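Asker: Before I ask anything, here is the structure I am working with.
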Amino acid sequence: MSGREVLLRAEGVGKRFGGFVALQDVDLELRAGERLGLIGPNGSGKSTFVNCLSGDFAAHDGRVVLAGQALDGLKPHRRARLGLARTFQLPQPFASLSVLENVRVPLLFGDSPAEATSRAMECLEEVELAGKAARLPRELTQVEQRRLELARAIAPRPRLLIADEAMAGLSHAEVDQILALLRRLNAAGTAVIMIEHIMRAVTEFSERLMVFVAGRKVAEGAPRVVLALPEVEEAYLGRQ
């Protein structure tokens with residue numbers, strides 16, 4: 001991993017909501033093609049952190065750099081054009097557009113209509129939804145809607161994909177399907193940051209874990225090492 005270039009660097013990221021400190025002094029260095037898992041109890045700051053990375057929230061402190069480009073002050077669509085894509089906990093496709101049209105939307109800003117259609121179909125094939133390209137999103141199952149969310153995110157060929165609880169509510173077999181998809185994307189060169197409460201999934205997938213507690217990063221390292229730390233056990237199980 002040490003030989004890979006640094007793709008994303010976050011330094012001292014902080015976020016407040018009124019008097020509540022949601023994030024404080026969070027650092028991250030992510031290398032190209034890396035698989036990173038973010039874990040922590042509910043309300044620990046994981047989603048707030050990735051919202052600051054993606055531009056959905058404006059950080060109050062710190063800075064974020066993607067592939068040498070400072071992201072400070074850039075809106076989410078500008079960050080997406082620089083190679084940062086994300087999914088959301090609750091898929092929200094355009095209800096009146098077909099599955100194919102949903103995937104074409106992020107491509108129409110830079111590709112011709114024909115190129116956008118071709119690339120959208122490639123993405124649907126990748127997530128095994130090509131056979132439902134003409135369907136409306138409401139006709140899809142829950143796992144298929146998760147797949148559509150991923151197809152929309154990867155359509156512009158991002159260098160970094162943030163998957164925010166992409167497996168929430170899925171069965172064991174469906175979780176394995178999404179894991180296989182994320183592994184294929186990663187094998188093709190996309191770095192992935194995964195936020196997930198399904199511990200089996202995040203530990204199987206991640207090369208490295210980063211643990212949040214009360215808005216702070218409390219641990220970082222190889223999954224087995226991190227999960228054995230007393231402070232991590234305490235965060236999940238409480239004091240024994």
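Labels used: A, B, ... for chains in the order of the structure tokens, numbers from 1 for residues in each chain, and numbers from 1 for ligands as shown.
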If you run DSSP on this backbone, which residues of stretch 21-239 of chain A come out as strand (DSSP E or B), and could you give them as a count of residues only?
Answerer: 49
Asker: Write down as a count of residues only the residues of stretch 93-216 of chain A whose backbone DSSP state falls under alpha helix (DSSP H).
Answerer: 56
Asker: Name the residues in contact with A:Glu174 at a cut-off of 12 Å, using only C-alpha atoms, excluding same-chain residues fewer than 4 positions from it; report them as JSON, numbers by chain.
Answerer: {"A": [141, 142, 143, 144, 145, 146, 147, 166, 167, 168, 169, 170, 178, 179, 180, 181, 201]}
Asker: Quick one: distance from atom CA of A:Arg157 to atom CA of A:Ser206 in Å, one decimal?
Answerer: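 If I compute the distance from atom CA of A:Arg157 to atom CA of A:Ser206, I get 20.8 Å.
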Asker: Which polymer residues have any atom within 9 Å of an atom of A:Arg35, counting only C-alpha atoms, with same-chain residues fewer than 6 positions away left out, as a ChimeraX atom specification?
Answerer: /A:186,190-194,205-209
Asker: Quick one: residues within 10 Å of A:Leu160, only C-alpha atoms counted, chain neighbours fewer than 3 positions away excluded, as a list in words?
Answerer: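 Listed by chain and then number, they are Leu7, Leu8, Leu30, Arg31, Ala32, Gly33, Glu34, Arg35, Leu66, Ala80, Leu82, Gly83, Leu84, Ala85, Arg86, Ala153, Ile154, Arg157, Ala163, Asn186, Gly189, Thr190, Ala191, Val192 and Ile193 of chain A.
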Asker: I'd like to know which of A:Val213, A:Val6, A:Ala222, A:Ala134 is closest to A:Ala235, using only C-alpha atoms.
Answerer: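 Ranking A:Val213, A:Val6, A:Ala222, A:Ala134 by distance to A:Ala235, first place goes to A:Val213.
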